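Enquirer: First the structure, which I've put down as structure tokens, then a few questions once you've had a look.
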Amino acid sequence: MTVTAVVGAQWGDEGKGRIVDYLAQDVGMVIRFQGGDNAGHTVVNEHGTFRLHLVPSGIFNPNTACIIGPGTVIHPPALLDEMTELATAGISLDNLWISERAHVVMPYHRMLDGLEESARGGAQIGTTKRGIGPAYADKAARAGIRMGDLRRPGYLADRIGLALPRINRTIAHFGGEEVELYGLARQAMGWGNALDGRIVDTTPMVRAALTEGRDVLLEGQLGIMRDIDWGTYPYVTSSNPIAGGGFAGAGLPPRAIERVVGVVKAYCTAVGAGPFPTELHDDVAEHLRGVGQEYGATTGRPRRCGWLDGVALPYAAWLNGFTGLAITKLDVLDGLPELKICVGYRIGDEIVRSVPDTYNMGRADPVYESWPGWREETRHCRRWNDLPQAARAYLDRISEIAATPLQYISVGPGREQLIVL
Ligand code: GDP
Ligand code: IMO
Ligand code: MG
């Protein structure tokens with residue numbers, strides 16, 4: 001039995017979905033442990049191209065139980081749409097389960113996400129406007145609605161009724177349209193009916209998987225630099241995407257996690273505001289965005305692009321406890337004459353080699369080392385020795401900086417475009 005967490009080492013969109021899709025071919029269970037439909041996990045395999053938001057990326061293996069875990073927040077209409085899309089493509093949903101403890105992203109959470117962002121003016125976070133922050137805020141305030149409540153009509157109406165006066169005061173403050181209890185309660189019961197049979201106590205399932213020695217994957221959403229505690233606060237999401245978030249969010253004991261795969265894009269991208277020291281605004285940024293198709297899978301926003309951040313990477317490796325690295329999008333670097341890796345931040349007169357707090361990170365100028373590029377195409381490479389020597393040297397340097405062995409090298413979006421070491 002092995003429990004493996006697959007987590008983002010950067011600012012999100014590292015290719016977690018792609019790695020989970022590959023690994024899920026041989027595992028008994030995949031659990032999403034945090035986040036909601038702010039995620040956009042792209043999977044390209046023999047069934048087609050899919051952008052998953054809530055459904056775990058193991059869904060293409062009918063023998064894998066896919067659990068949307070207790071630590072997630074779920075907008076039921078978004079989940080139902082996603083399920084319809086998958087079913088239409090012929091993907092079985094028989095093994096999809098939703099924790100009764102997961103919180104509901106209510107329509108008013110989405111409304112508030114938009115209203116609060118507008119009110120921030122020039123200090124916008126650049127959220128996905130999926131209601132993630134307001135839903136987690138209500139969870140912490142003990143005013144949330146949980147997925148299990150959708151199947152308990154009287155209790156559901158009571159819970160919504162308790163939450164609404166405060167929600168409506170806030171909406172009124174922003175000049176939005178107030179929400180009416182009975183319409184909303186009826187709508188929410190409809191979601192409960194539509195998802196009936198899938199909303200369960202997932203704890204016995206997870207426990208049985210571990211006891212029976214089945215392999216389990218924890219699928220992270222976003223990356224450490226957007227973690228609410230360890231990222232560039234306040235330019236973060238409202239949950240813990242680091243592996244440590246996996247215990248509470250999936251519901252398993254800490255010692256159960258044996259492997260942590262850190263997914264690292266061969267360069268860096270970020271969507272949304274906040275410090276991003278290696279960001280580029282030149283021809284290289286155009287190359288990365290164009291060749292790497294760096295546009296958000298959820299919002300379509302162009303992603304900010306830059307060189308690999310070798311200060312953030314060892315921080316991610318240590319805090320997550322990486323046991324192996326999955327480097328993705330190596331092929332996007334093909335043809336660049338020179339590559340750079342940031343190995344320090346210059347802040348005032350000092351050179352810092354550990355991740356500072358957000359204020360200082362916003363003042364950091366990257367200190368780079370240079371590596372030679374390669375002209376050859378890597379997308380057809382399937383073994384380490386097929387890679388150009390310069391690419392191997394670049395990858396070895398990433399491994400050295402992270403003090404973590406390389407395990408997977410991805411050279412294209414397709415399931416088979418992977419070098420396994
Ligand atoms: P996630 O949110 O971490 O799952 O990552 P996204 O799916 O949002 O972003 C990764 C994007 O890169 C997707 O469009 C993938 O299809 C694509 N991708 C993943 N790995 C590779 C790779 O090795 N090479 C190329 N060219 N594209 C890749
Ligand atoms: P995956 O799982 C990239 C970013 C938003 C914003 C911040 C907070 O595909 O890697 P939120 O809507 O969570 O309150 O937004 O986090 N963000 C993402 N960026 N990929 C994602 O998911 C993201 N989910 C949220 O752009 O900066
Ligand atoms: Mg994504």
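Naming scheme: A, B, ... for chains in displayed order of the structure tokens; residues 1 onward per chain; ligands 1 onward as shown.
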Considering only strand (DSSP E or B) as DSSP defines it on the backbone, what residues of region 65-265 of chain A qualify? List them as a ChimeraX atom specification.
Expert: /A:65-68,72-74,96-99,103-104,146,199-200,216-223,257-265
Enquirer: May I have the residues within 9 Å of region 124-140 of chain A as a PDB file with all heavy atoms, in the first residue's frame, using only C-alpha atoms and disregarding those fewer than 6 positions away in the same chain?
Expert:
ATOM      1  N   GLY A  35      -9.716  22.960  -2.163  1.00  0.00           N
ATOM      2  CA  GLY A  35     -10.061  23.765  -3.324  1.00  0.00           C
ATOM      3  C   GLY A  35     -11.416  23.388  -3.891  1.00  0.00           C
ATOM      4  O   GLY A  35     -12.132  22.525  -3.355  1.00  0.00           O
ATOM      5  N   GLY A  36     -11.757  24.022  -4.983  1.00  0.00           N
ATOM      6  CA  GLY A  36     -13.050  23.776  -5.613  1.00  0.00           C
ATOM      7  C   GLY A  36     -12.899  23.848  -7.112  1.00  0.00           C
ATOM      8  O   GLY A  36     -11.879  23.391  -7.652  1.00  0.00           O
ATOM      9  N   ASP A  37     -13.895  24.472  -7.780  1.00  0.00           N
ATOM     10  CA  ASP A  37     -13.806  24.522  -9.238  1.00  0.00           C
ATOM     11  C   ASP A  37     -12.995  25.722  -9.716  1.00  0.00           C
ATOM     12  O   ASP A  37     -13.031  26.071 -10.892  1.00  0.00           O
ATOM     13  CB  ASP A  37     -15.195  24.454  -9.883  1.00  0.00           C
ATOM     14  CG  ASP A  37     -16.042  25.687  -9.618  1.00  0.00           C
ATOM     15  OD1 ASP A  37     -15.932  26.260  -8.516  1.00  0.00           O
ATOM     16  OD2 ASP A  37     -16.820  26.086 -10.502  1.00  0.00           O
ATOM     17  N   ASN A  38     -12.205  26.323  -8.798  1.00  0.00           N
ATOM     18  CA  ASN A  38     -11.135  27.235  -9.232  1.00  0.00           C
ATOM     19  C   ASN A  38     -10.054  26.440  -9.958  1.00  0.00           C
ATOM     20  O   ASN A  38      -9.302  26.980 -10.761  1.00  0.00           O
ATOM     21  CB  ASN A  38     -10.544  28.015  -8.048  1.00  0.00           C
ATOM     22  CG  ASN A  38     -10.153  27.139  -6.862  1.00  0.00           C
ATOM     23  OD1 ASN A  38     -10.531  25.962  -6.787  1.00  0.00           O
ATOM     24  ND2 ASN A  38      -9.417  27.696  -5.925  1.00  0.00           N
ATOM     25  N   ALA A  39      -9.972  25.144  -9.688  1.00  0.00           N
ATOM     26  CA  ALA A  39      -8.997  24.283 -10.359  1.00  0.00           C
ATOM     27  C   ALA A  39      -9.352  24.116 -11.826  1.00  0.00           C
ATOM     28  O   ALA A  39     -10.520  24.063 -12.193  1.00  0.00           O
ATOM     29  CB  ALA A  39      -8.976  22.910  -9.699  1.00  0.00           C
ATOM     30  N   VAL A  73     -14.486  22.472  -1.467  1.00  0.00           N
ATOM     31  CA  VAL A  73     -15.723  23.267  -1.509  1.00  0.00           C
ATOM     32  C   VAL A  73     -16.331  23.081  -2.897  1.00  0.00           C
ATOM     33  O   VAL A  73     -15.628  23.176  -3.904  1.00  0.00           O
ATOM     34  CB  VAL A  73     -15.480  24.762  -1.203  1.00  0.00           C
ATOM     35  CG1 VAL A  73     -15.098  24.958   0.260  1.00  0.00           C
ATOM     36  CG2 VAL A  73     -14.414  25.374  -2.098  1.00  0.00           C
ATOM     37  N   ILE A  74     -17.630  22.770  -2.938  1.00  0.00           N
ATOM     38  CA  ILE A  74     -18.250  22.303  -4.187  1.00  0.00           C
ATOM     39  C   ILE A  74     -19.426  23.189  -4.577  1.00  0.00           C
ATOM     40  O   ILE A  74     -20.348  23.390  -3.779  1.00  0.00           O
ATOM     41  CB  ILE A  74     -18.760  20.850  -4.001  1.00  0.00           C
ATOM     42  CG1 ILE A  74     -17.593  19.932  -3.623  1.00  0.00           C
ATOM     43  CG2 ILE A  74     -19.460  20.360  -5.277  1.00  0.00           C
ATOM     44  CD1 ILE A  74     -18.038  18.522  -3.212  1.00  0.00           C
ATOM     45  N   HIS A  75     -19.378  23.695  -5.795  1.00  0.00           N
ATOM     46  CA  HIS A  75     -20.549  24.389  -6.346  1.00  0.00           C
ATOM     47  C   HIS A  75     -21.332  23.339  -7.125  1.00  0.00           C
ATOM     48  O   HIS A  75     -20.919  22.949  -8.227  1.00  0.00           O
ATOM     49  CB  HIS A  75     -20.097  25.544  -7.248  1.00  0.00           C
ATOM     50  CG  HIS A  75     -21.225  26.404  -7.719  1.00  0.00           C
ATOM     51  ND1 HIS A  75     -22.133  26.971  -6.851  1.00  0.00           N
ATOM     52  CD2 HIS A  75     -21.600  26.812  -8.952  1.00  0.00           C
ATOM     53  CE1 HIS A  75     -23.009  27.679  -7.532  1.00  0.00           C
ATOM     54  NE2 HIS A  75     -22.721  27.592  -8.805  1.00  0.00           N
ATOM     55  N   HIS A 103     -17.899  21.335   1.844  1.00  0.00           N
ATOM     56  CA  HIS A 103     -18.792  22.493   1.936  1.00  0.00           C
ATOM     57  C   HIS A 103     -19.357  22.869   0.577  1.00  0.00           C
ATOM     58  O   HIS A 103     -18.717  22.662  -0.460  1.00  0.00           O
ATOM     59  CB  HIS A 103     -18.062  23.674   2.573  1.00  0.00           C
ATOM     60  CG  HIS A 103     -18.084  23.597   4.065  1.00  0.00           C
ATOM     61  ND1 HIS A 103     -18.764  24.482   4.850  1.00  0.00           N
ATOM     62  CD2 HIS A 103     -17.537  22.683   4.910  1.00  0.00           C
ATOM     63  CE1 HIS A 103     -18.640  24.130   6.120  1.00  0.00           C
ATOM     64  NE2 HIS A 103     -17.891  23.045   6.187  1.00  0.00           N
ATOM     65  N   VAL A 104     -20.562  23.442   0.636  1.00  0.00           N
ATOM     66  CA  VAL A 104     -21.227  23.865  -0.594  1.00  0.00           C
ATOM     67  C   VAL A 104     -20.815  25.302  -0.914  1.00  0.00           C
ATOM     68  O   VAL A 104     -20.865  26.176  -0.047  1.00  0.00           O
ATOM     69  CB  VAL A 104     -22.765  23.808  -0.435  1.00  0.00           C
ATOM     70  CG1 VAL A 104     -23.454  24.216  -1.735  1.00  0.00           C
ATOM     71  CG2 VAL A 104     -23.203  22.412  -0.005  1.00  0.00           C
ATOM     72  N   VAL A 105     -20.381  25.526  -2.149  1.00  0.00           N
ATOM     73  CA  VAL A 105     -20.229  26.904  -2.626  1.00  0.00           C
ATOM     74  C   VAL A 105     -21.606  27.328  -3.115  1.00  0.00           C
ATOM     75  O   VAL A 105     -22.108  26.833  -4.126  1.00  0.00           O
ATOM     76  CB  VAL A 105     -19.189  27.003  -3.764  1.00  0.00           C
ATOM     77  CG1 VAL A 105     -19.105  28.436  -4.288  1.00  0.00           C
ATOM     78  CG2 VAL A 105     -17.818  26.525  -3.308  1.00  0.00           C
ATOM     79  N   MET A 106     -22.240  28.196  -2.344  1.00  0.00           N
ATOM     80  CA  MET A 106     -23.598  28.639  -2.677  1.00  0.00           C
ATOM     81  C   MET A 106     -23.521  29.757  -3.738  1.00  0.00           C
ATOM     82  O   MET A 106     -22.479  30.416  -3.865  1.00  0.00           O
ATOM     83  CB  MET A 106     -24.286  29.173  -1.412  1.00  0.00           C
ATOM     84  CG  MET A 106     -24.445  28.129  -0.306  1.00  0.00           C
ATOM     85  SD  MET A 106     -25.582  26.787  -0.756  1.00  0.00           S
ATOM     86  CE  MET A 106     -27.165  27.568  -0.389  1.00  0.00           C
ATOM     87  N   PRO A 107     -24.605  29.975  -4.459  1.00  0.00           N
ATOM     88  CA  PRO A 107     -24.590  31.067  -5.456  1.00  0.00           C
ATOM     89  C   PRO A 107     -24.187  32.406  -4.825  1.00  0.00           C
ATOM     90  O   PRO A 107     -23.510  33.216  -5.462  1.00  0.00           O
ATOM     91  CB  PRO A 107     -26.034  31.106  -5.959  1.00  0.00           C
ATOM     92  CG  PRO A 107     -26.560  29.721  -5.724  1.00  0.00           C
ATOM     93  CD  PRO A 107     -25.880  29.217  -4.491  1.00  0.00           C
ATOM     94  N   TYR A 108     -24.579  32.616  -3.549  1.00  0.00           N
ATOM     95  CA  TYR A 108     -24.207  33.902  -2.934  1.00  0.00           C
ATOM     96  C   TYR A 108     -22.708  33.992  -2.678  1.00  0.00           C
ATOM     97  O   TYR A 108     -22.153  35.080  -2.626  1.00  0.00           O
ATOM     98  CB  TYR A 108     -25.027  34.183  -1.662  1.00  0.00           C
ATOM     99  CG  TYR A 108     -25.078  33.109  -0.598  1.00  0.00           C
ATOM    100  CD1 TYR A 108     -24.004  32.874   0.237  1.00  0.00           C
ATOM    101  CD2 TYR A 108     -26.245  32.364  -0.391  1.00  0.00           C
ATOM    102  CE1 TYR A 108     -24.070  31.911   1.235  1.00  0.00           C
ATOM    103  CE2 TYR A 108     -26.327  31.402   0.597  1.00  0.00           C
ATOM    104  CZ  TYR A 108     -25.226  31.177   1.418  1.00  0.00           C
ATOM    105  OH  TYR A 108     -25.291  30.230   2.410  1.00  0.00           O
ATOM    106  N   HIS A 109     -22.020  32.862  -2.527  1.00  0.00           N
ATOM    107  CA  HIS A 109     -20.559  32.917  -2.380  1.00  0.00           C
ATOM    108  C   HIS A 109     -19.906  33.417  -3.667  1.00  0.00           C
ATOM    109  O   HIS A 109     -18.964  34.216  -3.634  1.00  0.00           O
ATOM    110  CB  HIS A 109     -19.999  31.532  -2.021  1.00  0.00           C
ATOM    111  CG  HIS A 109     -20.353  31.083  -0.645  1.00  0.00           C
ATOM    112  ND1 HIS A 109     -20.842  29.824  -0.376  1.00  0.00           N
ATOM    113  CD2 HIS A 109     -20.309  31.725   0.546  1.00  0.00           C
ATOM    114  CE1 HIS A 109     -21.065  29.709   0.921  1.00  0.00           C
ATOM    115  NE2 HIS A 109     -20.755  30.856   1.501  1.00  0.00           N
ATOM    116  N   ARG A 110     -20.432  32.945  -4.791  1.00  0.00           N
ATOM    117  CA  ARG A 110     -19.898  33.406  -6.083  1.00  0.00           C
ATOM    118  C   ARG A 110     -20.168  34.892  -6.267  1.00  0.00           C
ATOM    119  O   ARG A 110     -19.310  35.646  -6.725  1.00  0.00           O
ATOM    120  CB  ARG A 110     -20.536  32.620  -7.225  1.00  0.00           C
ATOM    121  CG  ARG A 110     -19.997  31.218  -7.322  1.00  0.00           C
ATOM    122  CD  ARG A 110     -20.378  30.619  -8.662  1.00  0.00           C
ATOM    123  NE  ARG A 110     -19.512  29.508  -8.980  1.00  0.00           N
ATOM    124  CZ  ARG A 110     -19.400  28.966 -10.177  1.00  0.00           C
ATOM    125  NH1 ARG A 110     -20.106  29.441 -11.179  1.00  0.00           N
ATOM    126  NH2 ARG A 110     -18.590  27.963 -10.392  1.00  0.00           N
ATOM    127  N   MET A 111     -21.407  35.300  -5.888  1.00  0.00           N
ATOM    128  CA  MET A 111     -21.766  36.707  -6.023  1.00  0.00           C
ATOM    129  C   MET A 111     -20.816  37.562  -5.168  1.00  0.00           C
ATOM    130  O   MET A 111     -20.268  38.561  -5.617  1.00  0.00           O
ATOM    131  CB  MET A 111     -23.216  36.880  -5.549  1.00  0.00           C
ATOM    132  CG  MET A 111     -23.879  38.170  -5.966  1.00  0.00           C
ATOM    133  SD  MET A 111     -25.399  38.480  -5.029  1.00  0.00           S
ATOM    134  CE  MET A 111     -26.420  37.136  -5.499  1.00  0.00           C
ATOM    135  N   LEU A 112     -20.588  37.108  -3.918  1.00  0.00           N
ATOM    136  CA  LEU A 112     -19.727  37.871  -3.010  1.00  0.00           C
ATOM    137  C   LEU A 112     -18.282  37.923  -3.506  1.00  0.00           C
ATOM    138  O   LEU A 112     -17.603  38.942  -3.347  1.00  0.00           O
ATOM    139  CB  LEU A 112     -19.752  37.250  -1.607  1.00  0.00           C
ATOM    140  CG  LEU A 112     -21.026  37.508  -0.795  1.00  0.00           C
ATOM    141  CD1 LEU A 112     -20.997  36.716   0.508  1.00  0.00           C
ATOM    142  CD2 LEU A 112     -21.179  39.004  -0.495  1.00  0.00           C
ATOM    143  N   ASP A 113     -17.802  36.824  -4.105  1.00  0.00           N
ATOM    144  CA  ASP A 113     -16.430  36.810  -4.635  1.00  0.00           C
ATOM    145  C   ASP A 113     -16.264  37.949  -5.638  1.00  0.00           C
ATOM    146  O   ASP A 113     -15.283  38.709  -5.593  1.00  0.00           O
ATOM    147  CB  ASP A 113     -16.168  35.439  -5.304  1.00  0.00           C
ATOM    148  CG  ASP A 113     -14.682  35.120  -5.439  1.00  0.00           C
ATOM    149  OD1 ASP A 113     -13.844  36.012  -5.170  1.00  0.00           O
ATOM    150  OD2 ASP A 113     -14.351  33.976  -5.824  1.00  0.00           O
ATOM    151  N   GLY A 114     -17.256  38.104  -6.521  1.00  0.00           N
ATOM    152  CA  GLY A 114     -17.206  39.179  -7.519  1.00  0.00           C
ATOM    153  C   GLY A 114     -17.314  40.553  -6.888  1.00  0.00           C
ATOM    154  O   GLY A 114     -16.532  41.449  -7.192  1.00  0.00           O
ATOM    155  N   GLU A 116     -16.704  41.463  -3.755  1.00  0.00           N
ATOM    156  CA  GLU A 116     -15.546  41.785  -2.905  1.00  0.00           C
ATOM    157  C   GLU A 116     -14.322  42.133  -3.754  1.00  0.00           C
ATOM    158  O   GLU A 116     -13.563  43.048  -3.410  1.00  0.00           O
ATOM    159  CB  GLU A 116     -15.232  40.612  -1.963  1.00  0.00           C
ATOM    160  CG  GLU A 116     -16.236  40.511  -0.815  1.00  0.00           C
ATOM    161  CD  GLU A 116     -16.144  39.209  -0.024  1.00  0.00           C
ATOM    162  OE1 GLU A 116     -15.308  38.344  -0.367  1.00  0.00           O
ATOM    163  OE2 GLU A 116     -16.925  39.051   0.937  1.00  0.00           O
ATOM    164  N   GLU A 117     -14.148  41.423  -4.870  1.00  0.00           N
ATOM    165  CA  GLU A 117     -13.028  41.742  -5.760  1.00  0.00           C
ATOM    166  C   GLU A 117     -13.169  43.166  -6.295  1.00  0.00           C
ATOM    167  O   GLU A 117     -12.209  43.939  -6.264  1.00  0.00           O
ATOM    168  CB  GLU A 117     -12.977  40.756  -6.938  1.00  0.00           C
ATOM    169  CG  GLU A 117     -12.116  39.534  -6.704  1.00  0.00           C
ATOM    170  CD  GLU A 117     -10.619  39.804  -6.704  1.00  0.00           C
ATOM    171  OE1 GLU A 117     -10.111  40.251  -5.655  1.00  0.00           O
ATOM    172  OE2 GLU A 117      -9.968  39.561  -7.715  1.00  0.00           O
ATOM    173  N   SER A 118     -14.380  43.509  -6.764  1.00  0.00           N
ATOM    174  CA  SER A 118     -14.578  44.864  -7.303  1.00  0.00           C
ATOM    175  C   SER A 118     -14.270  45.905  -6.242  1.00  0.00           C
ATOM    176  O   SER A 118     -13.631  46.926  -6.518  1.00  0.00           O
ATOM    177  CB  SER A 118     -16.018  45.068  -7.767  1.00  0.00           C
ATOM    178  OG  SER A 118     -16.369  44.082  -8.677  1.00  0.00           O
ATOM    179  N   ARG A 146     -23.097  22.128   4.315  1.00  0.00           N
ATOM    180  CA  ARG A 146     -22.274  21.009   3.861  1.00  0.00           C
ATOM    181  C   ARG A 146     -23.054  20.131   2.882  1.00  0.00           C
ATOM    182  O   ARG A 146     -24.289  20.137   2.866  1.00  0.00           O
ATOM    183  CB  ARG A 146     -21.780  20.198   5.066  1.00  0.00           C
ATOM    184  CG  ARG A 146     -21.007  21.107   6.035  1.00  0.00           C
ATOM    185  CD  ARG A 146     -19.991  20.375   6.815  1.00  0.00           C
ATOM    186  NE  ARG A 146     -20.552  19.488   7.823  1.00  0.00           N
ATOM    187  CZ  ARG A 146     -19.797  18.766   8.652  1.00  0.00           C
ATOM    188  NH1 ARG A 146     -18.472  18.832   8.593  1.00  0.00           N
ATOM    189  NH2 ARG A 146     -20.357  17.988   9.535  1.00  0.00           N
ATOM    190  N   ALA A 163     -27.739  31.581   7.869  1.00  0.00           N
ATOM    191  CA  ALA A 163     -26.643  32.273   7.173  1.00  0.00           C
ATOM    192  C   ALA A 163     -27.116  33.537   6.450  1.00  0.00           C
ATOM    193  O   ALA A 163     -26.383  34.525   6.360  1.00  0.00           O
ATOM    194  CB  ALA A 163     -25.995  31.318   6.166  1.00  0.00           C
ATOM    195  N   PRO A 234      -1.712  38.345   0.817  1.00  0.00           N
ATOM    196  CA  PRO A 234      -3.082  37.869   0.617  1.00  0.00           C
ATOM    197  C   PRO A 234      -3.380  37.380  -0.806  1.00  0.00           C
ATOM    198  O   PRO A 234      -4.536  37.084  -1.097  1.00  0.00           O
ATOM    199  CB  PRO A 234      -3.906  39.118   0.928  1.00  0.00           C
ATOM    200  CG  PRO A 234      -3.062  40.244   0.418  1.00  0.00           C
ATOM    201  CD  PRO A 234      -1.638  39.824   0.692  1.00  0.00           C
ATOM    202  N   TYR A 235      -2.361  37.304  -1.650  1.00  0.00           N
ATOM    203  CA  TYR A 235      -2.594  36.873  -3.044  1.00  0.00           C
ATOM    204  C   TYR A 235      -2.546  35.342  -3.110  1.00  0.00           C
ATOM    205  O   TYR A 235      -1.635  34.760  -3.711  1.00  0.00           O
ATOM    206  CB  TYR A 235      -1.562  37.516  -3.973  1.00  0.00           C
ATOM    207  CG  TYR A 235      -1.585  39.019  -3.860  1.00  0.00           C
ATOM    208  CD1 TYR A 235      -0.631  39.685  -3.085  1.00  0.00           C
ATOM    209  CD2 TYR A 235      -2.576  39.772  -4.476  1.00  0.00           C
ATOM    210  CE1 TYR A 235      -0.664  41.063  -2.948  1.00  0.00           C
ATOM    211  CE2 TYR A 235      -2.617  41.143  -4.345  1.00  0.00           C
ATOM    212  CZ  TYR A 235      -1.664  41.784  -3.570  1.00  0.00           C
ATOM    213  OH  TYR A 235      -1.708  43.151  -3.421  1.00  0.00           O
ATOM    214  N   VAL A 236      -3.480  34.719  -2.441  1.00  0.00           N
ATOM    215  CA  VAL A 236      -3.480  33.269  -2.265  1.00  0.00           C
ATOM    216  C   VAL A 236      -4.908  32.753  -2.397  1.00  0.00           C
ATOM    217  O   VAL A 236      -5.857  33.542  -2.469  1.00  0.00           O
ATOM    218  CB  VAL A 236      -2.943  32.876  -0.858  1.00  0.00           C
ATOM    219  CG1 VAL A 236      -1.466  33.203  -0.747  1.00  0.00           C
ATOM    220  CG2 VAL A 236      -3.732  33.580   0.244  1.00  0.00           C
ATOM    221  N   THR A 237      -5.046  31.430  -2.373  1.00  0.00           N
ATOM    222  CA  THR A 237      -6.372  30.855  -2.293  1.00  0.00           C
ATOM    223  C   THR A 237      -6.695  30.664  -0.805  1.00  0.00           C
ATOM    224  O   THR A 237      -5.883  30.983   0.063  1.00  0.00           O
ATOM    225  CB  THR A 237      -6.463  29.539  -3.092  1.00  0.00           C
ATOM    226  OG1 THR A 237      -7.847  29.222  -3.288  1.00  0.00           O
ATOM    227  CG2 THR A 237      -5.772  28.382  -2.399  1.00  0.00           C
ATOM    228  N   SER A 238      -7.876  30.113  -0.494  1.00  0.00           N
ATOM    229  CA  SER A 238      -8.304  30.089   0.909  1.00  0.00           C
ATOM    230  C   SER A 238      -8.180  28.713   1.548  1.00  0.00           C
ATOM    231  O   SER A 238      -8.906  28.395   2.487  1.00  0.00           O
ATOM    232  CB  SER A 238      -9.735  30.618   1.005  1.00  0.00           C
ATOM    233  OG  SER A 238      -9.776  31.940   0.533  1.00  0.00           O
ATOM    234  N   SER A 239      -7.262  27.884   1.018  1.00  0.00           N
ATOM    235  CA  SER A 239      -7.048  26.556   1.613  1.00  0.00           C
ATOM    236  C   SER A 239      -5.560  26.218   1.554  1.00  0.00           C
ATOM    237  O   SER A 239      -4.748  27.040   1.131  1.00  0.00           O
ATOM    238  CB  SER A 239      -7.880  25.504   0.874  1.00  0.00           C
ATOM    239  OG  SER A 239      -7.454  25.389  -0.475  1.00  0.00           O
ATOM    240  N   VAL A 271      -1.282  32.890 -12.417  1.00  0.00           N
ATOM    241  CA  VAL A 271      -2.495  33.609 -12.797  1.00  0.00           C
ATOM    242  C   VAL A 271      -2.932  34.397 -11.573  1.00  0.00           C
ATOM    243  O   VAL A 271      -2.912  33.870 -10.463  1.00  0.00           O
ATOM    244  CB  VAL A 271      -3.636  32.642 -13.193  1.00  0.00           C
ATOM    245  CG1 VAL A 271      -4.772  33.405 -13.871  1.00  0.00           C
ATOM    246  CG2 VAL A 271      -3.135  31.559 -14.118  1.00  0.00           C
ATOM    247  N   GLY A 272      -3.323  35.626 -11.751  1.00  0.00           N
ATOM    248  CA  GLY A 272      -3.733  36.444 -10.610  1.00  0.00           C
ATOM    249  C   GLY A 272      -2.590  37.339 -10.157  1.00  0.00           C
ATOM    250  O   GLY A 272      -1.462  37.259 -10.669  1.00  0.00           O
ATOM    251  N   ALA A 273      -2.889  38.194  -9.182  1.00  0.00           N
ATOM    252  CA  ALA A 273      -1.939  39.231  -8.759  1.00  0.00           C
ATOM    253  C   ALA A 273      -0.966  38.710  -7.707  1.00  0.00           C
ATOM    254  O   ALA A 273      -1.061  37.575  -7.263  1.00  0.00           O
ATOM    255  CB  ALA A 273      -2.727  40.422  -8.221  1.00  0.00           C
ATOM    256  N   GLY A 274      -0.035  39.571  -7.319  1.00  0.00           N
ATOM    257  CA  GLY A 274       0.911  39.252  -6.248  1.00  0.00           C
ATOM    258  C   GLY A 274       2.314  39.046  -6.769  1.00  0.00           C
ATOM    259  O   GLY A 274       2.538  38.913  -7.968  1.00  0.00           O
ATOM    260  N   THR A 298      -9.428  27.606 -16.373  1.00  0.00           N
ATOM    261  CA  THR A 298     -10.724  27.924 -15.780  1.00  0.00           C
ATOM    262  C   THR A 298     -11.251  29.259 -16.284  1.00  0.00           C
ATOM    263  O   THR A 298     -12.427  29.400 -16.602  1.00  0.00           O
ATOM    264  CB  THR A 298     -10.616  27.929 -14.238  1.00  0.00           C
ATOM    265  OG1 THR A 298     -10.280  26.607 -13.831  1.00  0.00           O
ATOM    266  CG2 THR A 298     -11.926  28.322 -13.569  1.00  0.00           C
ATOM    267  N   THR A 299     -10.369  30.262 -16.385  1.00  0.00           N
ATOM    268  CA  THR A 299     -10.852  31.609 -16.728  1.00  0.00           C
ATOM    269  C   THR A 299     -10.367  32.080 -18.092  1.00  0.00           C
ATOM    270  O   THR A 299     -10.814  33.133 -18.559  1.00  0.00           O
ATOM    271  CB  THR A 299     -10.374  32.635 -15.670  1.00  0.00           C
ATOM    272  OG1 THR A 299      -8.938  32.606 -15.632  1.00  0.00           O
ATOM    273  CG2 THR A 299     -10.918  32.301 -14.294  1.00  0.00           C
TER     274      THR A 299
END
Enquirer: Of the residues A:Ile160, A:Leu23, A:Ala316, A:Ala9, which is the one nearest to ligand 2, using only C-alpha atoms and all ligand atoms?
Expert: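 Among the listed residues, A:Ala9 lies closest to ligand 2.
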Enquirer: I'd like the contact shell of region 345-351 of chain A - 6 Å cut-off, only C-alpha atoms, skipping same-chain residues fewer than 3 positions apart - returned as number ranges by chain.
Expert: A: 364-367
Enquirer: Next, the residues of the selection above should be written as a PDB file, in the first residue's frame with C-alpha atoms.
Expert:
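Now in out.pdb:
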ATOM      1  CA  ALA A 364      12.820  41.142  -4.790  1.00  0.00           C
ATOM      2  CA  ASP A 365      14.894  41.200  -7.979  1.00  0.00           C
ATOM      3  CA  PRO A 366      15.931  37.771  -9.213  1.00  0.00           C
ATOM      4  CA  VAL A 367      19.588  36.714  -9.232  1.00  0.00           C
TER       5      VAL A 367
END
Enquirer: Going by DSSP on the backbone, which bits of region 248-375 of chain A are helix (DSSP H, G or I)? Write them as a PyMOL selection string, please.
Expert: chain A and resi 248-251+254-256+283-291+312-320+330-333+358-361
Enquirer: Let me have all residues with an atom within 6 Å of ligand 1, counting only C-alpha atoms and all ligand atoms, laid out as a list in words.
Expert: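 I would give the residues around ligand 1 as Gly12, Asp13, Glu14, Gly15, Lys16, Gly17, Arg18, Gly40, His41, Thr42, Val43, Gly292, Ala297, Thr328, Lys329, Leu330, Asp331, Val332, Ser410, Val411, Gly412 and Pro413 of chain A.
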Enquirer: Pick from A:Cys268, A:Ala317, A:Val352, A:Ala209: nearest to ligand 2, with only C-alpha atoms and all ligand atoms counted?
Expert: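 Residue with the minimum atom-to-atom distance to ligand 2: A:Cys268.
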